[in-house]
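start29.txt, holding compact mmCIF, C-alpha atoms:
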# COMPACT_ATOMS: atom_id res chain seq x y z
CA MET A 26 -26.05 -16.81 -23.54
CA PRO A 27 -24.00 -16.62 -20.32
CA PRO A 28 -21.43 -13.81 -20.15
CA ILE A 29 -17.88 -14.36 -21.31
CA ARG A 30 -15.47 -14.30 -18.36
CA VAL A 31 -11.76 -13.55 -18.55
CA LEU A 32 -9.55 -13.60 -15.46
CA HIS A 33 -6.57 -11.25 -15.80
CA VAL A 34 -3.56 -11.78 -13.53
CA SER A 35 -0.12 -10.24 -13.87
CA ASP A 36 3.29 -9.91 -12.24
CA LEU A 37 3.44 -13.16 -10.31
CA HIS A 38 7.19 -12.70 -9.69
CA ALA A 39 7.57 -16.37 -8.83
CA GLY A 40 10.74 -16.98 -6.89
CA ALA A 41 10.58 -13.79 -4.85
CA ARG A 42 8.26 -15.28 -2.20
CA GLU A 43 6.12 -18.38 -2.03
CA GLU A 44 2.68 -17.99 -0.43
CA PRO A 45 0.50 -21.11 -0.65
CA GLU A 46 -2.50 -19.35 0.91
CA VAL A 47 -2.60 -16.81 -1.93
CA GLU A 48 -2.42 -19.51 -4.59
CA SER A 49 -5.11 -21.55 -2.86
CA ALA A 50 -7.42 -18.53 -2.73
CA ILE A 51 -6.93 -17.91 -6.46
CA ARG A 52 -7.80 -21.50 -7.26
CA ALA A 53 -10.95 -21.23 -5.17
CA LEU A 54 -12.08 -18.06 -6.93
CA VAL A 55 -11.38 -19.54 -10.37
CA ALA A 56 -13.36 -22.65 -9.46
CA GLU A 57 -16.29 -20.42 -8.54
CA ALA A 58 -16.08 -17.96 -11.46
CA GLU A 59 -15.20 -20.54 -14.15
CA PRO A 60 -13.58 -18.04 -16.53
CA ASP A 61 -13.45 -18.93 -20.22
CA LEU A 62 -9.83 -17.77 -20.33
CA VAL A 63 -7.08 -16.87 -17.87
CA VAL A 64 -4.69 -14.17 -19.09
CA ALA A 65 -1.27 -13.71 -17.48
CA SER A 66 0.35 -10.49 -18.71
CA GLY A 67 4.02 -11.04 -17.95
CA ASP A 68 6.61 -10.94 -15.19
CA LEU A 69 5.80 -14.50 -14.27
CA THR A 70 9.24 -14.75 -12.67
CA HIS A 71 11.44 -12.54 -10.55
CA ARG A 72 14.85 -13.42 -11.98
CA ASN A 73 14.01 -15.60 -15.00
CA GLY A 74 15.18 -18.75 -13.22
CA ARG A 75 14.19 -22.13 -14.62
CA SER A 76 12.58 -23.16 -11.34
CA GLU A 77 10.72 -19.83 -11.23
CA HIS A 78 9.22 -20.41 -14.67
CA GLU A 79 8.19 -23.90 -13.63
CA SER A 80 6.65 -22.63 -10.39
CA ALA A 81 4.59 -20.03 -12.26
CA ALA A 82 3.47 -22.64 -14.78
CA VAL A 83 2.39 -25.03 -12.03
CA LEU A 84 0.18 -22.33 -10.49
CA LEU A 85 -1.37 -21.15 -13.75
CA ARG A 86 -1.98 -24.66 -15.10
CA SER A 87 -3.47 -25.77 -11.78
CA LEU A 88 -6.33 -23.33 -12.41
CA GLY A 89 -7.68 -25.77 -14.96
CA ARG A 90 -8.74 -23.15 -17.50
CA PRO A 91 -7.44 -22.16 -20.98
CA LEU A 92 -4.41 -19.88 -20.68
CA LEU A 93 -2.94 -17.00 -22.67
CA VAL A 94 0.48 -16.01 -21.31
CA VAL A 95 2.93 -13.33 -22.50
CA PRO A 96 6.39 -12.48 -21.09
CA GLY A 97 7.43 -9.37 -19.20
CA ASN A 98 10.72 -7.60 -18.67
CA HIS A 99 11.57 -9.92 -15.74
CA ASP A 100 11.12 -13.01 -17.92
CA MET A 101 14.49 -12.69 -19.64
CA PRO A 102 18.13 -12.87 -18.44
CA MET A 103 19.28 -9.77 -16.60
CA LEU A 104 22.74 -9.56 -18.16
CA PRO A 105 24.43 -10.14 -21.54
CA PRO A 106 25.31 -12.25 -23.40
CA ALA A 107 22.34 -14.42 -22.36
CA ARG A 108 20.01 -11.40 -22.37
CA PHE A 109 20.52 -11.09 -26.14
CA ALA A 110 21.47 -14.64 -27.12
CA ARG A 111 18.78 -16.53 -25.18
CA THR A 112 16.30 -13.75 -24.48
CA PHE A 113 13.13 -15.80 -24.10
CA ALA A 114 14.58 -19.32 -24.08
CA GLU A 115 13.27 -20.19 -20.60
CA PHE A 116 9.85 -18.67 -21.25
CA GLU A 117 9.51 -20.48 -24.58
CA ARG A 118 10.67 -23.75 -23.02
CA VAL A 119 7.57 -23.63 -20.79
CA TRP A 120 5.02 -21.82 -22.96
CA GLY A 121 6.21 -22.46 -26.52
CA GLU A 122 5.67 -18.97 -27.89
CA THR A 123 5.74 -15.35 -26.73
CA GLU A 124 2.74 -14.17 -28.77
CA PRO A 125 -0.08 -16.67 -28.33
CA VAL A 126 -3.60 -16.42 -29.72
CA TYR A 127 -6.80 -17.79 -28.23
CA ARG A 128 -9.92 -18.24 -30.37
CA SER A 129 -13.47 -19.30 -29.69
CA GLU A 130 -16.86 -18.34 -31.10
CA ALA A 131 -17.32 -15.73 -28.36
CA LEU A 132 -13.77 -14.59 -27.64
CA VAL A 133 -10.58 -13.83 -29.55
CA ALA A 134 -7.44 -12.80 -27.65
CA CYS A 135 -4.07 -11.84 -29.12
CA GLY A 136 -0.87 -11.68 -27.07
CA LEU A 137 1.90 -9.25 -28.05
CA ASN A 138 5.40 -9.39 -26.59
CA SER A 139 6.34 -5.86 -25.47
CA ALA A 140 9.55 -6.85 -23.63
CA ARG A 141 12.87 -5.90 -25.28
CA PRO A 142 16.37 -6.98 -24.19
CA TRP A 143 17.87 -3.56 -25.04
CA LEU A 144 15.36 -1.77 -22.82
CA TYR A 145 15.41 -2.04 -19.03
CA GLN A 146 11.86 -1.27 -17.92
CA GLU A 147 10.29 0.32 -20.95
CA GLY A 148 8.47 -1.76 -23.55
CA ALA A 149 7.77 -1.50 -27.25
CA VAL A 150 5.29 -2.74 -29.84
CA THR A 151 6.29 -2.62 -33.51
CA ARG A 152 4.21 -1.84 -36.58
CA ALA A 153 4.53 -5.49 -37.58
CA GLN A 154 3.09 -6.57 -34.23
CA LEU A 155 0.22 -4.12 -34.60
CA GLY A 156 -0.45 -5.51 -38.06
CA ARG A 157 -0.49 -9.04 -36.69
CA ALA A 158 -2.96 -8.04 -33.97
CA ALA A 159 -5.20 -6.39 -36.57
CA SER A 160 -5.16 -9.57 -38.65
CA VAL A 161 -6.05 -11.76 -35.67
CA LEU A 162 -8.88 -9.48 -34.54
CA ALA A 163 -10.24 -9.16 -38.07
CA GLY A 164 -10.87 -12.89 -38.04
CA ALA A 165 -13.04 -12.76 -34.92
CA PRO A 166 -16.65 -13.91 -35.27
CA ALA A 167 -19.28 -11.17 -35.26
CA GLY A 168 -20.01 -9.99 -31.73
CA ALA A 169 -17.02 -11.78 -30.20
CA LEU A 170 -15.08 -10.03 -27.44
CA ARG A 171 -11.71 -8.96 -28.89
CA ILE A 172 -8.77 -8.66 -26.51
CA VAL A 173 -5.11 -7.66 -26.87
CA VAL A 174 -2.62 -8.49 -24.12
CA VAL A 175 0.79 -6.87 -23.54
CA HIS A 176 2.98 -6.62 -20.46
CA HIS A 177 3.83 -2.91 -20.42
CA HIS A 178 1.00 -0.59 -19.50
CA LEU A 179 -0.64 1.87 -21.88
CA VAL A 180 -2.39 3.75 -19.09
CA SER A 181 -1.56 3.79 -15.40
CA ALA A 182 -2.84 5.06 -12.09
CA PRO A 183 -2.11 8.79 -11.62
CA TRP A 184 -0.35 8.24 -8.29
CA ARG A 185 2.40 6.09 -9.79
CA THR A 186 4.29 7.18 -12.89
CA ALA A 187 7.87 5.99 -12.28
CA LYS A 188 7.54 2.74 -14.24
CA LEU A 189 7.99 3.18 -17.96
CA PRO A 190 5.11 2.25 -20.33
CA VAL A 191 5.04 1.14 -23.94
CA LEU A 192 6.97 3.49 -26.23
CA ARG A 193 4.65 5.79 -28.21
CA ARG A 194 1.73 4.36 -26.28
CA GLY A 195 -0.78 6.80 -27.80
CA ARG A 196 -0.04 5.53 -31.29
CA VAL A 197 -0.05 1.91 -30.12
CA LEU A 198 -3.37 2.22 -28.32
CA ALA A 199 -5.01 4.04 -31.23
CA ALA A 200 -3.87 1.32 -33.63
CA LEU A 201 -5.17 -1.47 -31.40
CA VAL A 202 -8.56 0.18 -30.98
CA GLU A 203 -8.83 0.90 -34.69
CA ALA A 204 -8.00 -2.77 -35.29
CA GLY A 205 -11.07 -3.70 -33.27
CA ALA A 206 -9.82 -4.31 -29.72
CA ASP A 207 -12.61 -4.07 -27.16
CA LEU A 208 -10.28 -4.67 -24.23
CA VAL A 209 -6.53 -4.02 -23.88
CA LEU A 210 -4.87 -5.75 -20.91
CA SER A 211 -1.47 -5.14 -19.32
CA GLY A 212 0.46 -5.21 -16.05
CA HIS A 213 3.98 -4.01 -15.16
CA VAL A 214 3.13 -1.04 -12.95
CA HIS A 215 1.87 -3.05 -9.93
CA GLN A 216 -1.23 -0.91 -9.62
CA SER A 217 -4.78 -1.21 -10.87
CA SER A 218 -6.19 1.08 -13.53
CA VAL A 219 -9.39 0.59 -15.53
CA VAL A 220 -10.52 3.29 -17.95
CA GLU A 221 -12.61 3.67 -21.07
CA ARG A 222 -10.48 5.06 -23.88
CA ARG A 223 -12.82 7.99 -24.50
CA GLU A 224 -12.31 9.24 -20.93
CA PHE A 225 -8.85 10.55 -21.80
CA GLU A 226 -8.75 10.83 -25.59
CA ALA A 227 -10.64 13.56 -27.43
CA ALA A 228 -11.29 13.83 -31.16
CA ALA A 229 -13.34 15.94 -33.56
CA GLY A 230 -15.47 12.95 -34.53
CA PRO A 231 -16.73 9.87 -32.70
CA LEU A 232 -14.20 7.56 -31.07
CA ARG A 233 -14.62 3.81 -30.90
CA ALA A 234 -15.10 2.54 -27.33
CA ALA A 235 -12.45 0.35 -25.72
CA VAL A 236 -11.57 -0.48 -22.14
CA VAL A 237 -7.90 -0.35 -21.11
CA ALA A 238 -7.12 -2.29 -17.93
CA THR A 239 -3.87 -2.64 -16.00
CA ALA A 240 -3.80 -5.42 -13.40
CA PRO A 241 -1.85 -4.73 -10.20
CA GLY A 242 -0.22 -8.15 -9.92
CA ILE A 243 -0.53 -11.07 -7.53
CA GLY A 244 3.06 -11.10 -6.27
CA ARG A 245 3.61 -9.59 -2.83
CA PRO A 246 4.12 -5.80 -2.99
CA ARG A 247 7.57 -4.61 -1.97
CA ALA A 248 7.43 -2.77 1.36
CA TRP A 249 9.86 -0.04 0.29
CA ARG A 250 7.77 0.85 -2.77
CA LYS A 251 4.82 2.87 -1.60
CA GLY A 252 1.57 2.58 -3.48
CA GLU A 253 1.92 -0.93 -4.85
CA ALA A 254 -1.24 -3.02 -4.84
CA ARG A 255 -2.01 -6.71 -5.01
CA GLY A 256 -4.95 -8.05 -6.94
CA PHE A 257 -6.43 -8.95 -10.30
CA HIS A 258 -9.39 -8.29 -12.57
CA LEU A 259 -12.28 -10.46 -13.64
CA HIS A 260 -13.85 -9.25 -16.90
CA GLU A 261 -17.41 -10.23 -17.80
CA ALA A 262 -18.90 -9.37 -21.18
CA ASP A 263 -22.27 -9.86 -22.79
CA GLU A 264 -23.61 -8.29 -25.97
CA ARG A 265 -24.15 -4.87 -24.42
CA THR A 266 -21.93 -4.53 -21.36
CA LEU A 267 -18.36 -5.09 -20.30
CA ARG A 268 -18.06 -5.42 -16.54
CA VAL A 269 -14.71 -5.26 -14.73
CA LEU A 270 -14.51 -6.65 -11.19
CA THR A 271 -11.37 -5.76 -9.25
CA TYR A 272 -10.16 -7.99 -6.42
CA ALA A 273 -7.54 -7.10 -3.80
CA TRP A 274 -5.75 -9.26 -1.24
CA ARG A 275 -6.77 -8.52 2.32
CA GLY A 276 -4.51 -10.89 4.25
CA ASP A 277 -6.83 -13.89 4.38
CA GLY A 278 -8.51 -13.84 0.98
CA TRP A 279 -9.47 -11.93 -2.13
CA THR A 280 -12.01 -9.15 -1.64
CA ARG A 281 -13.94 -7.44 -4.41
CA VAL A 282 -13.11 -3.74 -4.13
CA ALA A 283 -14.53 -2.30 -7.37
CA ASP A 284 -17.25 -3.07 -9.91
CA ARG A 285 -17.16 -1.05 -13.13
CA ARG A 286 -19.49 -1.34 -16.13
CA PHE A 287 -18.90 -0.07 -19.65
CA SER A 288 -21.18 -0.06 -22.66
CA ARG A 289 -20.18 -2.20 -25.65
CA ASP A 290 -23.07 -0.94 -27.80
CA SER A 291 -21.66 2.59 -27.85
CA GLY A 292 -18.43 1.29 -29.29
CA ARG A 293 -20.15 -0.46 -32.17
CA GLN A 294 -22.32 2.58 -32.84
CA ALA A 295 -19.29 4.89 -32.82
CA ALA A 296 -17.53 2.61 -35.27
CA LYS A 297 -20.53 2.72 -37.62
CA GLU A 298 -20.76 6.50 -37.44
CA ALA A 299 -17.03 6.84 -38.17

With the file now loaded, output its structure as structure tokens.
Amino acid sequence: MPPIRVLHVSDLHAGAREEPEVESAIRALVAEAEPDLVVASGDLTHRNGRSEHESAAVLLRSLGRPLLVVPGNHDMPMLPPARFARTFAEFERVWGETEPVYRSEALVACGLNSARPWLYQEGAVTRAQLGRAASVLAGAPAGALRIVVVHHHLVSAPWRTAKLPVLRRGRVLAALVEAGADLVLSGHVHQSSVVERREFEAAAGPLRAAVVATAPGIGRPRAWRKGEARGFHLHEADERTLRVLTYAWRGDGWTRVADRRFSRDSGRQAAKEA
């Protein structure tokens, strides 16, 4: 069987700047890679404007692939009362729901909405949301790649810590991995990070393998914020290996800058031993 491919983009920030050459290059790469699913992990817009949501939707739908899209903290009104009364009205007008699910025989992906109107940058995932994710992943066919998508990062690059992650992210990540997630995707921090959960979490017994990936975003980095990147990840999975290809914008196109491979077999074996 050919590998499963998932393209992960984040933080489009439509409305801040329009760059047709970037969008054209993304379409070309998608046409070549033919991903089974395109994931967009929030902050589609810069100021939650109706035209911004429509612009982001035009780009994502022009890719011609199945989509799973969740909102970010920029995809809601900035100020009350609209921030609380119509929190995700514009997002839902375009996408229908804030916690979509994608299912196929080889891939199951569950979106969770981590954005909260009473929080500025920080995100949250409730016990009910974790339970829902567990239920969705439990229904995945044997051997299917199981993905959870949120906006707010659970791990981030060590050189950028100012942006706030998911509240109680250790508990959230542990629950998602225990529920069967092979891959946890997020954005928010505007930097790339790809790690295997066992690289930073120790335990007395075996730990189930899971890859946690934060996409840097495809919106133009802000010049006054040092250390912001621009790029995305292409995930490829077969029965034994999960491969993560990282692409960065180099002014005239997307360049592959990293190629990481993780074992999926070790995760299944660790789960059996546990």

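Look at Gly97 in chain A: the protein and nucleic acid residues within 7 Å of it, using only C-alpha atoms and passing over chain neighbours fewer than 4 places away, are Gly67, Asp68, Ala140 and His176 of chain A.
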
Counting all atoms listed in the file, what is within 9 Å of Leu84 in chain A, bar same-chain residues fewer than 5 positions away, as a PyMOL selection string? chain A and resi 48+52+79

Now that the selection is made, can you save its residues with C-alpha atoms as a short mmCIF file (atom, residue, chain, number, x, y, z; two decimals), in the frame of the given file?
data_model
loop_
_atom_site.label_atom_id
_atom_site.label_comp_id
_atom_site.auth_asym_id
_atom_site.auth_seq_id
_atom_site.Cartn_x
_atom_site.Cartn_y
_atom_site.Cartn_z
CA GLU A 48 -2.42 -19.51 -4.59
CA ARG A 52 -7.80 -21.50 -7.26
CA GLU A 79 8.19 -23.90 -13.63
#

Env of range 157-173 of chain A: 10 Å cut, atoms = all atoms listed in the file, seq-sep filter 5 positions within chain, self excluded. Answer as a compact mmCIF listing (two decimals) with C-alpha atoms, keeping the file's coordinate frame.
# COMPACT_ATOMS: atom_id res chain seq x y z
CA ILE A 29 -17.88 -14.36 -21.31
CA VAL A 31 -11.76 -13.55 -18.55
CA GLU A 124 2.74 -14.17 -28.77
CA VAL A 126 -3.60 -16.42 -29.72
CA TYR A 127 -6.80 -17.79 -28.23
CA ARG A 128 -9.92 -18.24 -30.37
CA SER A 129 -13.47 -19.30 -29.69
CA GLU A 130 -16.86 -18.34 -31.10
CA ALA A 131 -17.32 -15.73 -28.36
CA LEU A 132 -13.77 -14.59 -27.64
CA VAL A 133 -10.58 -13.83 -29.55
CA ALA A 134 -7.44 -12.80 -27.65
CA CYS A 135 -4.07 -11.84 -29.12
CA GLY A 136 -0.87 -11.68 -27.07
CA LEU A 137 1.90 -9.25 -28.05
CA THR A 151 6.29 -2.62 -33.51
CA ARG A 152 4.21 -1.84 -36.58
CA ALA A 200 -3.87 1.32 -33.63
CA LEU A 201 -5.17 -1.47 -31.40
CA VAL A 202 -8.56 0.18 -30.98
CA GLU A 203 -8.83 0.90 -34.69
CA ALA A 204 -8.00 -2.77 -35.29
CA GLY A 205 -11.07 -3.70 -33.27
CA ALA A 206 -9.82 -4.31 -29.72
CA ASP A 207 -12.61 -4.07 -27.16
CA LEU A 208 -10.28 -4.67 -24.23
CA VAL A 209 -6.53 -4.02 -23.88
CA LEU A 210 -4.87 -5.75 -20.91
CA SER A 211 -1.47 -5.14 -19.32
CA ALA A 235 -12.45 0.35 -25.72
CA VAL A 236 -11.57 -0.48 -22.14
CA VAL A 237 -7.90 -0.35 -21.11
CA GLU A 261 -17.41 -10.23 -17.80
CA ALA A 262 -18.90 -9.37 -21.18
CA ASP A 263 -22.27 -9.86 -22.79
CA GLU A 264 -23.61 -8.29 -25.97
CA ARG A 265 -24.15 -4.87 -24.42
CA LEU A 267 -18.36 -5.09 -20.30
CA ARG A 289 -20.18 -2.20 -25.65
CA ARG A 293 -20.15 -0.46 -32.17

Between CA of Ala234 in chain A and CA of Val219 in chain A, what distance in Å does the model show, to one decimal? 13.3 Å

Counting only C-alpha atoms, which residue out of A:Val214, A:Gly148, A:Arg108, A:Ala53 sits closest to Arg194 in chain A? A:Gly148

Selection: 10 Å around Gly89 in chain A, all atoms listed in the file, excl. self and same-chain fewer than 6 positions, as a list in words: Arg52, Val55, Ala56, Glu59, Pro60, Leu62 and Val63 of chain A

Leaving out His78 in chain A and any residue of its chain fewer than 5 positions from it, which residues lie within 8 Å of it when counting all atoms listed in the file, given as an MDAnalysis selection string? chainID A and resid 39 69:70 73 115:116 119

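Between Glu44 in chain A and the candidates A:Trp120, A:Ser80, A:Arg193, A:Ala240, the tightest atom-to-atom separation, counting only C-alpha atoms, involves A:Ser80.
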
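Residue nearest Leu270 in chain A, chosen from A:Arg72, A:His33, A:Arg233, A:His213 and counting only C-alpha atoms: A:His33.
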
Sphere at (4.3, -7.6, -10.4), radius 8 Å, counting only C-alpha atoms: residues as number ranges by chain: A: 35-38, 68, 212-215, 241-246

Writer output for current selection, C-alpha atoms, as a short mmCIF file (atom, residue, chain, number, x, y, z; two decimals), keeping the file's coordinate frame:
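Wrote part-v5.cif, looks like this:
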data_model
loop_
_atom_site.label_atom_id
_atom_site.label_comp_id
_atom_site.auth_asym_id
_atom_site.auth_seq_id
_atom_site.Cartn_x
_atom_site.Cartn_y
_atom_site.Cartn_z
CA SER A 35 -0.12 -10.24 -13.87
CA ASP A 36 3.29 -9.91 -12.24
CA LEU A 37 3.44 -13.16 -10.31
CA HIS A 38 7.19 -12.70 -9.69
CA ASP A 68 6.61 -10.94 -15.19
CA GLY A 212 0.46 -5.21 -16.05
CA HIS A 213 3.98 -4.01 -15.16
CA VAL A 214 3.13 -1.04 -12.95
CA HIS A 215 1.87 -3.05 -9.93
CA PRO A 241 -1.85 -4.73 -10.20
CA GLY A 242 -0.22 -8.15 -9.92
CA ILE A 243 -0.53 -11.07 -7.53
CA GLY A 244 3.06 -11.10 -6.27
CA ARG A 245 3.61 -9.59 -2.83
CA PRO A 246 4.12 -5.80 -2.99
#

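For the pair CA of Val175 in chain A and CA of Ala41 in chain A, the interatomic distance is 22.2 Å.
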
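Between CA of Gly40 in chain A and CA of Met101 in chain A the separation is 14.0 Å.
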